[in-house]
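> Sharing a structure with you now.
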There are 2 protein chains.
Amino acid sequence: MAVMNKQVILASRPQGAVTPDNFRIVEAPLGSPGPGEAMVKNEWLSLDPYMRGRMNDVKSYAPCVELGAVMVGQTVGEVVESRDPGLIPGDKVLSQLGWQLYGIANARDLTKLNVKRVPASYYLGVLGMPGITAWFGLHEIGKPKMGETVVVSAATGAVGSVAGQLAKIEGCRVVGIAGGKAKCDYAVQELGYDACVDYKAGNLADALRAACPRGVDVLFENVGGEILDTTLRLMNTYSRIIVCGLIAEYNQSEPYGYRNLRSVLVNRIRMQGMIVFDWKDRYGEALGGLAGRLAEGRLKYRESVVEGIDNAPAGLIALLKGGNFGKQLVKLA
Amino acid sequence: MAVMNKQVILASRPQGAVTPDNFRIVEAPLGSPGPGEAMVKNEWLSLDPYMRGRMNDVKSYAPCVELGAVMVGQTVGEVVESRDPGLIPGDKVLSQLGWQLYGIANARDLTKLNVKRVPASYYLGVLGMPGITAWFGLHEIGKPKMGETVVVSAATGAVGSVAGQLAKIEGCRVVGIAGGKAKCDYAVQELGYDACVDYKAGNLADALRAACPRGVDVLFENVGGEILDTTLRLMNTYSRIIVCGLIAEYNQSEPYGYRNLRSVLVNRIRMQGMIVFDWKDRYGEALGGLAGRLAEGRLKYRESVVEGIDNAPAGLIALLKGGNFGKQLVKLA
């Protein structure tokens with residue numbers, strides 16, 4: 001089967017904000033799977049903030065994308081041809097095939113998905129990296145106790161929405177920070193946040209203080225910049241900050257200057273960075289917990305879909321500006 | 001016994017750097033101890049960076065000093081009159097009597113000192129709060145493993161000198177940061193640091209990078225500001241930062257803007273603030289460990305002495321600028 005593939009490659013490295021010309025869309029014929037490999041037709045591509053970091057040529061926790069290489073990303077898709085006994089055409093799989101319509105991967109790099117109870121796309125969100133990130137960040141670093149106040153920035157995003165709901169399940173007062181009234185309303189009315197502060201409304205410090213009358217015990221930080229710096233002033237003694245993402249900084253050519261770090265000393269805050277890979281041996285534990293709460297109806301989940309691979313660059317650009325509402329996906333097929 | 005006392009009181013709150021006119025020296029007759037109390041003649045006053053914070057009228061981990069009140073501070077002295085059966089004249093005691101020649105305290109707020117093996121003043125330093133701070137900060141937060149690189153700022157100070165030597169005992173590569181060649185030479189030649197970087201020589205980033213060829217696993221931070229921000233860039237994956245002091249910020253009216261906080265995320269750093277009181281139920285454990293290492297000759301200790309209570313303000317002002325060399329004391333008698 002000779003397949004014409006379509007790919008999004010990294011054409012240039014962004015200076016500050018990502019622009020459409022940092023990408024190029026190319027077509028190329030695809031070969032055939034070798035022994036132990038399978039060809040996958042991608043159906044959904046996950047767009048995630050970490051991708052911005054991979055576009056830079058600097059040291060980070062993972063190698064950057066080379067110029068001319070396919071943009072990295074997780075996908076779910078369907079096996080269309082297999083030379084591995086463990087996979088047959090029609091199997092739904094999770095892969096790291098990146099921004100392309102098709103790909104060939106070693107079977108051991110493909111995870112077969114059970115799509116009887118949940119849509120395949122959920123494995124890119126609530127039952128995927130974002131959900132697992134929220135699970136371990138909250139439970140292993142944040143360690144919220146019943147009655148404590150937990151603040152979640154990017155409160156309706158793929159990670160934040162799960163973190164906030166998990167904190168509610170733990171019996172916490174949960175306060176979101178999100179951009180715009182629609183997201184804040186959704187956080188409170190659908191996700192069950194006790195309050196949600198619109199950072200775009202100005203007046204973040206006062207609004208957050210009003211929403212957290214007993215201070216902040218856990219901050220699940222996905223944004224950074226002014227949001228982190230402001231919340232630092234409200235942290236309680238022995239509070240915890242999960243540094244999960246700093247999306248506010250990713251598009252900046254100059255890093256933000258945090259002025260309230262003294263709060264870490266005065267309040268004996270534990271501030272800890274995390275990446276979901278740190279718990280890769282324990283993903284099953286998180287997935288079990290997330291799937292159980294999803295089945296019980298205690299986890300709501302929302303997807304934001306961009307249609308077609310040609311629109312993937314615009315989707316990432318919007319995501320990095322907070323334009324998504326829920327988990328951002330690209331529908332490829 | 002009618003005693004004329006001399007006290008240093010807080011006359012005004014500093015705007016930025018502390019100045020001599022923030023203090024006033026007063027004389028006042030002292031009363032007599034009531035039941036359960038003792039009168040102490042202070043011999044040594046400890047000067048410590050935390051005192052700067054107490055001069056401000058802002059929320060911190062301890063109440064501020066009121067205008068007109070005696071400056072807070074630990075002292076060691078001798079009981080001159082006692083109305084408590086547990087104390088007799090001649091006993092050496094540790095107290096919180098502050099910046100004054102005499103004081104009357106409840107006996108339960110006085111700790112009787114064993115001065116057979118070590119000078120009484122040691123209980124204000126290596127066997128006191130600074131030593132205990134170093135002990136718990138290093139062992140409970142830093143948790144250095146053999147062969148790791150530990151950086152200690154204010155490397156020859158009361159806390160830093162103990163932290164650095166304890167890290168050497170743990171088998172680490174220990175790199176100090178200090179101000180000036182004399183301190184750096186002392187750190188390496190006397191305290192056993194593997195290297196010491198002079199931050200006043202300029203070129204901190206390059207010098208520190210050269211001294212830490214395998215990066216930094218533990219930062220024992222007493223200084224903050226540029227030193228912390230620079231070291232953040234050299235931190236290794238899963239490294240730890242003990243935020244023990246931020247003396248570089250204490251005299252600034254505008255807080256420092258930290259630009260390298262992203263390293264916390266990328267390297268999954270655990271950054272944690274500490275105050276020695278957090279372990280107050282376990283002081284004995286630290287004191288036992290410190291006294292043992294001191295007796296074995298494995299902990300060197302240096303004091304910097306200002307003579308007379310009239311010079312205590314100048315002593316604190318110098319300390320806050322790094323003018324001390326070792327533990328800063330005021331000799332009161």
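Ordering of the structure tokens sets the chain letters (A, B, ...), residue numbers begin anew at 1 in every chain, and ligands are numbered from 1 in the order given.
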With 8 Å as the limit and counting only C-alpha atoms, what residues in chain A lie close to chain B? Please list them as a count of residues only.

26

> Neighbouring residues of Leu290 (chain A) were defined as those with any atom within 12 Å, considering only C-alpha atoms; residues of the same chain fewer than 5 positions away were excluded. Please report them as a PyMOL selection string.

chain A and resi 122-123+125-136+162-163+165-166+169+283-285+295-301

> Find the residues around region 26-42 of chain A up to 10 Å (only C-alpha atoms counted), leave out those fewer than 3 positions away in its own chain, and share them as a PyMOL selection string.

chain A and resi 1-9+23+45+70+74-95+97-110+331-333

> Run DSSP on the backbone and grab whatever in region 123-238 of chain A lands in strand (DSSP E or B); send it over as JSON, numbers by chain.

{"A": [149, 150, 151, 152, 153, 173, 174, 175, 176, 177, 178, 195, 196, 197, 198, 216, 217, 218, 219, 220, 221, 235, 236, 237, 238]}

> Quick one, how far is CA of Arg24 (chain B) from CA of Ala314 (chain B)?

12.0 Å

> When you look at Arg13 (chain A) with a cut-off of 9 Å (counting only C-alpha atoms), what residues show up, excluding the ones that are within fewer than 3 positions of it in the same chain? I need them as a list of chain:residue names.

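My reading of the contact set: A:Leu10, A:Val18, A:Asn22, A:Phe23, A:Met55, A:Asn56, A:Asp57, A:Leu67.
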
> Neighbours of Ser161 (chain A) within 8 Å (only C-alpha atoms; same-chain residues fewer than 3 positions away dropped), as a list in words?

Ala154, Ala155, Thr156, Gly157, Ala158, Gly164, Gln165, Ala187, Leu191, Tyr301 and Gly326 of chain A
